$ cat work-v7.cif   # mmCIF, C-alpha atoms and all ligand atoms
data_entry
#
loop_
_atom_site.group_PDB
_atom_site.id
_atom_site.type_symbol
_atom_site.label_atom_id
_atom_site.label_comp_id
_atom_site.auth_asym_id
_atom_site.auth_seq_id
_atom_site.Cartn_x
_atom_site.Cartn_y
_atom_site.Cartn_z
ATOM 1 C CA MET F 1 13.501 19.016 3.566
ATOM 2 C CA TYR F 2 12.504 22.471 4.709
ATOM 3 C CA LEU F 3 10.568 25.024 2.746
ATOM 4 C CA LYS F 4 10.546 28.691 3.559
ATOM 5 C CA LEU F 5 7.094 30.154 3.993
ATOM 6 C CA THR F 6 7.936 33.038 1.662
ATOM 7 C CA GLU F 7 9.016 30.627 -1.092
ATOM 8 C CA ILE F 8 5.580 29.071 -1.329
ATOM 9 C CA SER F 9 3.324 30.706 -3.877
ATOM 10 C CA GLU F 10 -0.390 31.281 -3.579
ATOM 11 C CA ASP F 11 -0.927 29.575 -6.937
ATOM 12 C CA GLY F 12 0.652 26.381 -5.670
ATOM 13 C CA GLN F 13 3.777 24.638 -6.838
ATOM 14 C CA ASN F 14 5.266 21.185 -7.119
ATOM 15 C CA VAL F 15 8.169 20.282 -4.905
ATOM 16 C CA ASP F 16 10.358 17.359 -5.889
ATOM 17 C CA GLN F 17 11.769 15.335 -3.063
ATOM 18 C CA LEU F 18 14.331 12.614 -3.203
ATOM 19 C CA LEU F 19 13.584 10.081 -0.505
ATOM 20 C CA LYS F 20 16.858 8.384 0.243
ATOM 21 C CA ARG F 21 16.909 4.659 0.651
ATOM 22 C CA SER F 22 18.572 5.048 4.060
ATOM 23 C CA TRP F 23 15.946 7.557 5.234
ATOM 24 C CA LEU F 24 13.078 5.320 4.126
ATOM 25 C CA THR F 25 14.690 2.285 5.726
ATOM 26 C CA GLU F 26 15.001 4.171 8.999
ATOM 27 C CA ILE F 27 11.336 5.250 9.162
ATOM 28 C CA LEU F 28 10.074 1.809 8.150
ATOM 29 C CA LYS F 29 11.986 0.103 10.908
ATOM 30 C CA GLY F 30 9.423 -1.554 13.147
ATOM 31 C CA ALA F 31 6.468 -0.079 11.240
ATOM 32 C CA GLY F 32 3.758 -2.597 10.484
ATOM 33 C CA SER F 33 3.584 -6.288 11.204
ATOM 34 C CA VAL F 34 5.671 -7.337 8.210
ATOM 35 C CA GLU F 35 9.004 -6.202 6.847
ATOM 36 C CA PHE F 36 9.178 -3.558 4.133
ATOM 37 C CA LYS F 37 12.505 -3.577 2.368
ATOM 38 C CA VAL F 38 13.530 -0.416 0.546
ATOM 39 C CA VAL F 39 15.263 -1.284 -2.711
ATOM 40 C CA SER F 40 16.259 2.174 -3.962
ATOM 41 C CA ASP F 41 16.046 5.937 -3.507
ATOM 42 C CA GLN F 42 12.662 7.196 -4.642
ATOM 43 C CA SER F 43 11.785 10.580 -6.006
ATOM 44 C CA VAL F 44 8.340 11.943 -5.311
ATOM 45 C CA ALA F 45 6.455 15.161 -5.991
ATOM 46 C CA ILE F 46 4.410 17.021 -3.423
ATOM 47 C CA ARG F 47 2.147 19.959 -4.104
ATOM 48 C CA VAL F 48 2.243 22.932 -1.749
ATOM 49 C CA GLN F 49 0.099 26.023 -1.821
ATOM 50 C CA ARG F 50 -0.089 29.004 0.471
ATOM 51 C CA MET F 51 -3.368 30.545 1.522
ATOM 52 C CA GLY F 52 -2.497 33.469 3.702
ATOM 53 C CA LEU F 53 -0.603 31.840 6.546
ATOM 54 C CA ASP F 54 -2.050 28.384 5.944
ATOM 55 C CA ILE F 55 -0.098 25.899 3.871
ATOM 56 C CA LEU F 56 -1.923 23.230 1.909
ATOM 57 C CA VAL F 57 0.114 20.100 1.294
ATOM 58 C CA ASN F 58 -1.094 17.466 -1.168
ATOM 59 C CA SER F 59 0.490 14.302 -2.375
ATOM 60 C CA ASN F 60 -0.361 11.523 -4.749
ATOM 61 C CA PHE F 61 2.638 9.292 -5.335
ATOM 62 C CA LYS F 62 3.574 5.651 -5.080
ATOM 63 C CA LEU F 63 6.443 4.062 -3.226
ATOM 64 C CA GLU F 64 7.874 0.641 -3.954
ATOM 65 C CA PHE F 65 9.108 -1.826 -1.409
ATOM 66 C CA ASP F 66 9.935 -5.490 -1.298
ATOM 67 C CA SER F 67 7.669 -7.299 1.087
ATOM 68 C CA ASN F 68 6.248 -10.710 1.809
ATOM 69 C CA CYS F 69 2.618 -11.498 1.125
ATOM 70 C CA ALA F 70 0.724 -11.894 4.402
ATOM 71 C CA ALA F 71 -1.316 -14.743 2.941
ATOM 72 C CA CYS F 72 1.107 -16.901 0.919
ATOM 73 C CA LEU F 73 4.419 -15.533 2.343
ATOM 74 C CA THR F 74 5.893 -15.081 -1.148
ATOM 75 C CA LYS F 75 8.268 -12.180 -1.638
ATOM 76 C CA PHE F 76 6.887 -9.550 -4.011
ATOM 77 C CA ARG F 77 7.246 -5.917 -5.115
ATOM 78 C CA LEU F 78 4.675 -3.873 -3.199
ATOM 79 C CA GLN F 79 3.311 -0.561 -4.437
ATOM 80 C CA VAL F 80 2.141 1.773 -1.697
ATOM 81 C CA PRO F 81 0.060 4.760 -2.795
ATOM 82 C CA VAL F 82 0.707 7.747 -0.538
ATOM 83 C CA VAL F 83 -2.249 10.076 -0.992
ATOM 84 C CA PHE F 84 -2.955 12.809 1.489
ATOM 85 C CA SER F 85 -4.119 16.348 1.859
ATOM 86 C CA THR F 86 -3.305 18.340 4.931
ATOM 87 C CA THR F 87 -3.285 21.949 6.079
ATOM 88 C CA LEU F 88 -0.515 23.418 8.187
ATOM 89 C CA ARG F 89 -1.224 26.423 10.358
ATOM 90 C CA PRO F 90 1.166 28.664 12.237
ATOM 91 C CA LYS F 91 1.632 27.281 15.734
ATOM 92 C CA PRO F 92 -0.258 29.479 18.201
ATOM 93 C CA LYS F 93 1.801 30.780 21.083
ATOM 94 C CA GLN F 94 0.696 29.097 24.303
ATOM 95 C CA ALA F 95 0.457 32.432 26.102
ATOM 96 C CA ASP F 96 -2.154 33.604 23.581
ATOM 97 C CA MET F 97 -4.348 30.571 24.068
ATOM 98 C CA LEU F 98 -7.215 30.180 26.472
ATOM 99 C CA PRO F 99 -7.360 26.917 28.439
ATOM 100 C CA GLN F 100 -10.287 25.673 26.321
ATOM 101 C CA ASP F 101 -8.242 26.311 23.156
ATOM 102 C CA LEU F 102 -5.447 24.115 24.480
ATOM 103 C CA GLU F 103 -7.913 21.341 25.156
ATOM 104 C CA LEU F 104 -9.329 21.608 21.651
ATOM 105 C CA ALA F 105 -5.870 21.606 20.099
ATOM 106 C CA ALA F 106 -5.015 18.386 21.909
ATOM 107 C CA GLU F 107 -8.199 16.719 20.688
ATOM 108 C CA ASP F 108 -7.840 17.786 17.104
ATOM 109 C CA LEU F 109 -5.234 15.372 15.822
ATOM 110 C CA VAL F 110 -5.748 16.343 12.207
ATOM 111 C CA GLU F 111 -4.478 19.829 12.878
ATOM 112 C CA GLN F 112 -0.822 20.305 11.978
ATOM 113 C CA PHE F 113 1.329 23.268 12.850
ATOM 114 C CA TYR F 114 4.545 24.819 11.703
ATOM 115 C CA GLU F 115 6.840 27.036 13.733
ATOM 116 C CA GLY F 116 8.616 30.171 12.597
ATOM 117 C CA ASP F 117 8.719 30.390 8.800
ATOM 118 C CA ASN F 118 10.169 26.954 8.134
ATOM 119 C CA ILE F 119 7.860 24.266 6.808
ATOM 120 C CA ASP F 120 9.164 20.830 7.709
ATOM 121 C CA LEU F 121 8.069 18.413 5.001
ATOM 122 C CA THR F 122 10.087 15.554 6.474
ATOM 123 C CA LYS F 123 7.800 15.190 9.456
ATOM 124 C CA ILE F 124 4.645 15.161 7.332
ATOM 125 C CA LEU F 125 6.104 12.661 4.885
ATOM 126 C CA ARG F 126 7.252 10.368 7.666
ATOM 127 C CA GLU F 127 3.797 10.316 9.252
ATOM 128 C CA GLN F 128 1.932 9.890 5.981
ATOM 129 C CA ILE F 129 4.166 7.103 4.681
ATOM 130 C CA ILE F 130 3.706 5.115 7.890
ATOM 131 C CA LEU F 131 -0.063 5.662 7.717
ATOM 132 C CA ALA F 132 -0.123 4.464 4.113
ATOM 133 C CA LEU F 133 1.531 1.108 4.824
ATOM 134 C CA PRO F 134 -0.821 -1.860 4.538
ATOM 135 C CA MET F 135 -1.195 -3.983 7.672
ATOM 136 C CA TYR F 136 -1.396 -7.196 5.661
ATOM 137 C CA PRO F 137 0.152 -6.709 2.228
ATOM 138 C CA ARG F 138 -1.015 -9.160 -0.425
ATOM 139 C CA CYS F 139 0.842 -10.211 -3.558
ATOM 140 C CA LYS F 140 -2.422 -9.876 -5.475
ATOM 141 C CA GLU F 141 -6.020 -9.149 -4.577
ATOM 142 C CA ASP F 142 -7.178 -12.734 -5.024
ATOM 143 C CA CYS F 143 -4.184 -14.445 -3.411
ATOM 144 C CA ARG F 144 -5.328 -17.892 -2.276
ATOM 145 C CA GLY F 145 -2.771 -18.178 0.506
ATOM 146 C CA LEU F 146 -1.398 -21.375 1.967
ATOM 147 C CA CYS F 147 -3.267 -24.620 2.610
ATOM 148 C CA SER F 148 -4.158 -24.762 6.292
ATOM 149 C CA ALA F 149 -3.522 -28.505 6.288
ATOM 150 C CA CYS F 150 -0.289 -29.044 4.352
ATOM 151 C CA GLY F 151 1.077 -25.523 3.825
ATOM 152 C CA ALA F 152 1.172 -25.704 0.008
ATOM 153 C CA ASN F 153 0.989 -22.397 -1.862
ATOM 154 C CA LEU F 154 -2.499 -22.576 -3.357
ATOM 155 C CA ASN F 155 -1.632 -20.026 -6.060
ATOM 156 C CA GLU F 156 0.750 -22.596 -7.508
ATOM 157 C CA ARG F 157 -1.224 -25.785 -7.140
ATOM 158 C CA GLU F 158 -4.256 -27.335 -5.520
ATOM 159 C CA CYS F 159 -2.899 -29.878 -3.052
ATOM 160 C CA GLY F 160 -6.135 -31.816 -2.702
ATOM 161 C CA CYS F 161 -6.402 -31.577 1.084
ATOM 162 C CA ASN F 162 -9.868 -31.519 2.586
ATOM 163 C CA ARG F 163 -10.052 -28.095 4.192
ATOM 164 C CA GLY F 164 -13.856 -27.992 4.353
ATOM 165 C CA GLU F 165 -14.039 -29.791 7.698
ATOM 166 C CA ILE F 166 -15.508 -27.863 10.556
ATOM 167 C CA ASP F 167 -13.128 -27.147 13.380
ATOM 168 C CA PRO F 168 -13.961 -29.672 16.170
ATOM 169 C CA ARG F 169 -14.479 -26.817 18.647
ATOM 170 C CA TRP F 170 -17.212 -25.344 16.450
ATOM 171 C CA ALA F 171 -18.779 -28.789 15.959
ATOM 172 C CA ALA F 172 -19.079 -29.112 19.728
ATOM 173 C CA LEU F 173 -20.735 -25.713 19.933
ATOM 174 C CA LYS F 174 -23.268 -26.742 17.299
ATOM 175 C CA THR F 175 -24.346 -29.732 19.401
ATOM 176 C CA VAL F 176 -24.858 -27.468 22.410
ATOM 177 C CA THR F 177 -27.102 -25.034 20.559
ATOM 178 C CA LYS F 178 -29.242 -27.892 19.215
ATOM 179 C CA ASN F 179 -30.211 -29.104 22.701
HETATM 180 ZN ZN ZN E 1 0.103 -14.058 -1.770
HETATM 181 ZN ZN ZN E 2 -2.943 -29.015 1.418
#
$ encode --input "work-v7.cif" --output "structure tokens"
Amino acid sequence: MYLKLTEISEDGQNVDQLLKRSWLTEILKGAGSVEFKVVSDQSVAIRVQRMGLDILVNSNFKLEFDSNCAACLTKFRLQVPVVFSTTLRPKPKQADMLPQDLELAAEDLVEQFYEGDNIDLTKILREQIILALPMYPRCKEDCRGLCSACGANLNERECGCNRGEIDPRWAALKTVTKN
């Protein structure tokens, strides 16, 4: 997934990318606290635009994975919006840089560089997809999760357990503060 600098127009253009199932599976390995299962290849569009030597890269697409809800543990189809906007600059040669420039470059994590006249979209996509993954995916916004007492899925039924009781450790703390 390389683009040649000279192929990118100043008016901007859409680039279609096919993200292979195997490639996605590889980058998702070990990312996040839950498993994201890739069910198919996914085609996405990225917008690139050249401004002099700077390359603007924009995306606004959705990926689909199978995952388990962090609250109720049910398997569901997760939609992950991948929305980003980043600017790539030509990588400065180290010899041209002053020591304070090097320090600044290290601090500025947002800054992205490309080398030569090849723009590597793979690297950007990999980073942005990992950043877009939710830490605790939920099957729906108002998922009620599992009963802390009996483990029933509260989206399916109300089990009738009394979950309103204060944790004994907190009850003890309350007594202390009263005295
Ligand atoms: Zn859920
Ligand atoms: Zn219960």
$ closest_atom_pairs --input "work-v7.cif" --of "chain F" --to "ligand ZN 1 (chain E)" --cutoff "9 Å" --atoms "all atoms listed in the file" --output "tab-separated table"
residue	atom	partner	partner_atom	distance
F:Asn68	CA	E:ZN1	ZN	7.9
F:Cys69	CA	E:ZN1	ZN	4.6
F:Ala70	CA	E:ZN1	ZN	6.6
F:Ala71	CA	E:ZN1	ZN	5.0
F:Cys72	CA	E:ZN1	ZN	4.0
F:Leu73	CA	E:ZN1	ZN	6.1
F:Thr74	CA	E:ZN1	ZN	5.9
F:Lys75	CA	E:ZN1	ZN	8.4
F:Phe76	CA	E:ZN1	ZN	8.4
F:Pro137	CA	E:ZN1	ZN	8.4
F:Arg138	CA	E:ZN1	ZN	5.2
F:Cys139	CA	E:ZN1	ZN	4.3
F:Lys140	CA	E:ZN1	ZN	6.1
F:Glu141	CA	E:ZN1	ZN	8.3
F:Asp142	CA	E:ZN1	ZN	8.1
F:Cys143	CA	E:ZN1	ZN	4.6
F:Arg144	CA	E:ZN1	ZN	6.7
F:Gly145	CA	E:ZN1	ZN	5.5
F:Leu146	CA	E:ZN1	ZN	8.4
F:Asn153	CA	E:ZN1	ZN	8.4
F:Asn155	CA	E:ZN1	ZN	7.6
$ residues_around --input "work-v7.cif" --residues "segment 56-64 of chain F" --least-positions-apart "5" --cutoff "6 Å" --atoms "all atoms listed in the file" --output "PDB file with C-alpha atoms, in the frame of the given file"
ATOM      1  CA  ILE F  46       4.410  17.021  -3.423  1.00  0.00           C
ATOM      2  CA  ARG F  47       2.147  19.959  -4.104  1.00  0.00           C
ATOM      3  CA  VAL F  48       2.243  22.932  -1.749  1.00  0.00           C
ATOM      4  CA  GLN F  49       0.099  26.023  -1.821  1.00  0.00           C
ATOM      5  CA  LEU F  78       4.675  -3.873  -3.199  1.00  0.00           C
ATOM      6  CA  GLN F  79       3.311  -0.561  -4.437  1.00  0.00           C
ATOM      7  CA  VAL F  80       2.141   1.773  -1.697  1.00  0.00           C
ATOM      8  CA  PRO F  81       0.060   4.760  -2.795  1.00  0.00           C
ATOM      9  CA  VAL F  82       0.707   7.747  -0.538  1.00  0.00           C
ATOM     10  CA  VAL F  83      -2.249  10.076  -0.992  1.00  0.00           C
ATOM     11  CA  PHE F  84      -2.955  12.809   1.489  1.00  0.00           C
ATOM     12  CA  SER F  85      -4.119  16.348   1.859  1.00  0.00           C
ATOM     13  CA  THR F  86      -3.305  18.340   4.931  1.00  0.00           C
ATOM     14  CA  THR F  87      -3.285  21.949   6.079  1.00  0.00           C
TER      15      THR F  87
END
$ atom_distance --input "work-v7.cif" --atom1 "atom CA of Ile8 of chain F" --atom2 "atom CA of Ile124 of chain F"
16.4 Å
$ residues_near_ligand --input "work-v7.cif" --ligand "ligand ZN 2 (chain E)" --cutoff "6 Å" --atoms "all atoms listed in the file" --output "number ranges by chain"
F: 147, 149-152, 159-161
$ closest_residue --input "work-v7.cif" --among "F:Leu88, F:Val38, F:Val15, F:Ala132" --to "Leu3 of chain F" --atoms "all atoms listed in the file"
F:Val15
$ atom_distance --input "work-v7.cif" --atom1 "atom CA of Glu35 of chain F" --atom2 "atom CA of Glu156 of chain F"
23.3 Å
$ closest_residue --input "work-v7.cif" --among "F:Arg89, F:Arg126, F:Arg157, F:Arg163" --to "Asp54 of chain F" --atoms "all atoms listed in the file"
F:Arg89
$ closest_residue --input "work-v7.cif" --among "F:Met51, F:Val39, F:Thr6, F:Gly116" --to "Arg77 of chain F" --atoms "only C-alpha atoms"
F:Val39
$ atom_distance --input "work-v7.cif" --atom1 "atom CA of Ile130 of chain F" --atom2 "atom CA of Asn14 of chain F"
22.0 Å
$ resolve_selection --input "work-v7.cif" --expression "the PyMOL selection byres (((chain F and resi 2) around 8) and not hetatm)" --output "short mmCIF file (atom, residue, chain, number, x, y, z; two decimals) with C-alpha atoms, in the coordinates of the input"
data_model
loop_
_atom_site.label_atom_id
_atom_site.label_comp_id
_atom_site.auth_asym_id
_atom_site.auth_seq_id
_atom_site.Cartn_x
_atom_site.Cartn_y
_atom_site.Cartn_z
CA MET F 1 13.50 19.02 3.57
CA LEU F 3 10.57 25.02 2.75
CA LYS F 4 10.55 28.69 3.56
CA ASN F 118 10.17 26.95 8.13
CA ILE F 119 7.86 24.27 6.81
CA ASP F 120 9.16 20.83 7.71
CA LEU F 121 8.07 18.41 5.00
CA THR F 122 10.09 15.55 6.47
#
$ closest_residue --input "work-v7.cif" --among "F:Pro92, F:Ile55, F:Gln128, F:Ser148" --to "Gly12 of chain F" --atoms "all atoms listed in the file"
F:Ile55
$ closest_residue --input "work-v7.cif" --among "F:Ile27, F:Met135, F:Leu53, F:Leu5" --to "Ser67 of chain F" --atoms "all atoms listed in the file"
F:Met135
$ closest_residue --input "work-v7.cif" --among "F:Gly164, F:Ile129, F:Glu158, F:Glu115" --to "Gly32 of chain F" --atoms "all atoms listed in the file"
F:Ile129
$ resolve_selection --input "work-v7.cif" --expression "the PyMOL selection byres (((chain F and resi 19) around 10) and not hetatm)" --output "MDAnalysis selection string"
chainID F and resid 1 16:18 20:24 40:44 63 122 125
$ decode --input "work-v7.cif" --residues "segment 26-58 of chain F" --atoms "N, CA and C atoms" --output "PDB file, in the first residue's frame"
ATOM      1  N   GLU F  26      -3.759  -9.923  11.781  1.00  0.00           N
ATOM      2  CA  GLU F  26      -2.390  -9.794  12.268  1.00  0.00           C
ATOM      3  C   GLU F  26      -2.214  -8.536  13.139  1.00  0.00           C
ATOM      4  N   ILE F  27      -2.753  -7.395  12.674  1.00  0.00           N
ATOM      5  CA  ILE F  27      -2.551  -6.162  13.454  1.00  0.00           C
ATOM      6  C   ILE F  27      -3.420  -6.122  14.715  1.00  0.00           C
ATOM      7  N   LEU F  28      -4.505  -6.894  14.717  1.00  0.00           N
ATOM      8  CA  LEU F  28      -5.380  -6.879  15.892  1.00  0.00           C
ATOM      9  C   LEU F  28      -4.926  -7.843  16.977  1.00  0.00           C
ATOM     10  N   LYS F  29      -3.951  -8.662  16.621  1.00  0.00           N
ATOM     11  CA  LYS F  29      -3.467  -9.653  17.569  1.00  0.00           C
ATOM     12  C   LYS F  29      -2.906  -8.946  18.810  1.00  0.00           C
ATOM     13  N   GLY F  30      -3.491  -9.202  19.935  1.00  0.00           N
ATOM     14  CA  GLY F  30      -2.979  -8.616  21.177  1.00  0.00           C
ATOM     15  C   GLY F  30      -3.343  -7.152  21.376  1.00  0.00           C
ATOM     16  N   ALA F  31      -4.102  -6.567  20.449  1.00  0.00           N
ATOM     17  CA  ALA F  31      -4.526  -5.172  20.633  1.00  0.00           C
ATOM     18  C   ALA F  31      -5.800  -5.147  21.468  1.00  0.00           C
ATOM     19  N   GLY F  32      -5.813  -4.324  22.490  1.00  0.00           N
ATOM     20  CA  GLY F  32      -7.013  -4.203  23.303  1.00  0.00           C
ATOM     21  C   GLY F  32      -7.147  -5.323  24.315  1.00  0.00           C
ATOM     22  N   SER F  33      -8.105  -5.168  25.194  1.00  0.00           N
ATOM     23  CA  SER F  33      -8.262  -6.122  26.291  1.00  0.00           C
ATOM     24  C   SER F  33      -9.218  -7.249  25.930  1.00  0.00           C
ATOM     25  N   VAL F  34      -9.920  -7.105  24.807  1.00  0.00           N
ATOM     26  CA  VAL F  34     -10.822  -8.160  24.364  1.00  0.00           C
ATOM     27  C   VAL F  34     -10.406  -8.621  22.970  1.00  0.00           C
ATOM     28  N   GLU F  35     -11.010  -9.695  22.512  1.00  0.00           N
ATOM     29  CA  GLU F  35     -10.656 -10.205  21.195  1.00  0.00           C
ATOM     30  C   GLU F  35     -11.513  -9.551  20.108  1.00  0.00           C
ATOM     31  N   PHE F  36     -10.879  -9.168  19.014  1.00  0.00           N
ATOM     32  CA  PHE F  36     -11.599  -8.669  17.857  1.00  0.00           C
ATOM     33  C   PHE F  36     -11.380  -9.662  16.730  1.00  0.00           C
ATOM     34  N   LYS F  37     -12.451 -10.273  16.285  1.00  0.00           N
ATOM     35  CA  LYS F  37     -12.340 -11.297  15.263  1.00  0.00           C
ATOM     36  C   LYS F  37     -12.730 -10.700  13.914  1.00  0.00           C
ATOM     37  N   VAL F  38     -11.831 -10.828  12.953  1.00  0.00           N
ATOM     38  CA  VAL F  38     -12.085 -10.274  11.623  1.00  0.00           C
ATOM     39  C   VAL F  38     -12.854 -11.309  10.816  1.00  0.00           C
ATOM     40  N   VAL F  39     -14.015 -10.928  10.302  1.00  0.00           N
ATOM     41  CA  VAL F  39     -14.859 -11.893   9.610  1.00  0.00           C
ATOM     42  C   VAL F  39     -14.681 -11.883   8.094  1.00  0.00           C
ATOM     43  N   SER F  40     -14.151 -10.796   7.543  1.00  0.00           N
ATOM     44  CA  SER F  40     -13.985 -10.738   6.087  1.00  0.00           C
ATOM     45  C   SER F  40     -12.973  -9.662   5.693  1.00  0.00           C
ATOM     46  N   ASP F  41     -12.574  -9.678   4.418  1.00  0.00           N
ATOM     47  CA  ASP F  41     -11.801  -8.562   3.870  1.00  0.00           C
ATOM     48  C   ASP F  41     -12.701  -7.321   3.939  1.00  0.00           C
ATOM     49  N   GLN F  42     -12.083  -6.155   4.049  1.00  0.00           N
ATOM     50  CA  GLN F  42     -12.902  -4.950   4.101  1.00  0.00           C
ATOM     51  C   GLN F  42     -12.282  -3.891   3.204  1.00  0.00           C
ATOM     52  N   SER F  43     -13.119  -3.291   2.385  1.00  0.00           N
ATOM     53  CA  SER F  43     -12.585  -2.258   1.505  1.00  0.00           C
ATOM     54  C   SER F  43     -12.923  -0.886   2.077  1.00  0.00           C
ATOM     55  N   VAL F  44     -11.939  -0.026   2.075  1.00  0.00           N
ATOM     56  CA  VAL F  44     -12.110   1.295   2.671  1.00  0.00           C
ATOM     57  C   VAL F  44     -11.582   2.350   1.691  1.00  0.00           C
ATOM     58  N   ALA F  45     -12.026   3.571   1.880  1.00  0.00           N
ATOM     59  CA  ALA F  45     -11.526   4.675   1.058  1.00  0.00           C
ATOM     60  C   ALA F  45     -10.825   5.698   1.942  1.00  0.00           C
ATOM     61  N   ILE F  46      -9.698   6.158   1.462  1.00  0.00           N
ATOM     62  CA  ILE F  46      -8.916   7.156   2.183  1.00  0.00           C
ATOM     63  C   ILE F  46      -8.756   8.345   1.247  1.00  0.00           C
ATOM     64  N   ARG F  47      -8.744   9.529   1.793  1.00  0.00           N
ATOM     65  CA  ARG F  47      -8.557  10.701   0.950  1.00  0.00           C
ATOM     66  C   ARG F  47      -7.141  11.240   1.148  1.00  0.00           C
ATOM     67  N   VAL F  48      -6.441  11.446   0.045  1.00  0.00           N
ATOM     68  CA  VAL F  48      -5.093  12.016   0.131  1.00  0.00           C
ATOM     69  C   VAL F  48      -5.034  13.286  -0.716  1.00  0.00           C
ATOM     70  N   GLN F  49      -4.255  14.218  -0.244  1.00  0.00           N
ATOM     71  CA  GLN F  49      -4.120  15.488  -0.942  1.00  0.00           C
ATOM     72  C   GLN F  49      -2.710  16.011  -0.724  1.00  0.00           C
ATOM     73  N   ARG F  50      -2.133  16.539  -1.773  1.00  0.00           N
ATOM     74  CA  ARG F  50      -0.769  17.050  -1.658  1.00  0.00           C
ATOM     75  C   ARG F  50      -0.794  18.567  -1.564  1.00  0.00           C
ATOM     76  N   MET F  51      -0.037  19.081  -0.610  1.00  0.00           N
ATOM     77  CA  MET F  51       0.130  20.528  -0.506  1.00  0.00           C
ATOM     78  C   MET F  51       1.614  20.794  -0.490  1.00  0.00           C
ATOM     79  N   GLY F  52       2.149  21.066  -1.655  1.00  0.00           N
ATOM     80  CA  GLY F  52       3.597  21.185  -1.773  1.00  0.00           C
ATOM     81  C   GLY F  52       4.204  19.830  -1.504  1.00  0.00           C
ATOM     82  N   LEU F  53       5.015  19.748  -0.442  1.00  0.00           N
ATOM     83  CA  LEU F  53       5.617  18.458  -0.094  1.00  0.00           C
ATOM     84  C   LEU F  53       4.865  17.778   1.051  1.00  0.00           C
ATOM     85  N   ASP F  54       3.881  18.454   1.601  1.00  0.00           N
ATOM     86  CA  ASP F  54       3.084  17.850   2.666  1.00  0.00           C
ATOM     87  C   ASP F  54       1.940  17.039   2.074  1.00  0.00           C
ATOM     88  N   ILE F  55       1.665  15.913   2.722  1.00  0.00           N
ATOM     89  CA  ILE F  55       0.562  15.063   2.277  1.00  0.00           C
ATOM     90  C   ILE F  55      -0.490  15.012   3.375  1.00  0.00           C
ATOM     91  N   LEU F  56      -1.694  15.410   3.029  1.00  0.00           N
ATOM     92  CA  LEU F  56      -2.814  15.323   3.964  1.00  0.00           C
ATOM     93  C   LEU F  56      -3.511  13.990   3.762  1.00  0.00           C
ATOM     94  N   VAL F  57      -3.707  13.265   4.840  1.00  0.00           N
ATOM     95  CA  VAL F  57      -4.409  11.981   4.751  1.00  0.00           C
ATOM     96  C   VAL F  57      -5.635  12.038   5.646  1.00  0.00           C
ATOM     97  N   ASN F  58      -6.800  11.778   5.076  1.00  0.00           N
ATOM     98  CA  ASN F  58      -8.047  11.789   5.838  1.00  0.00           C
ATOM     99  C   ASN F  58      -8.772  10.468   5.664  1.00  0.00           C
TER     100      ASN F  58
END
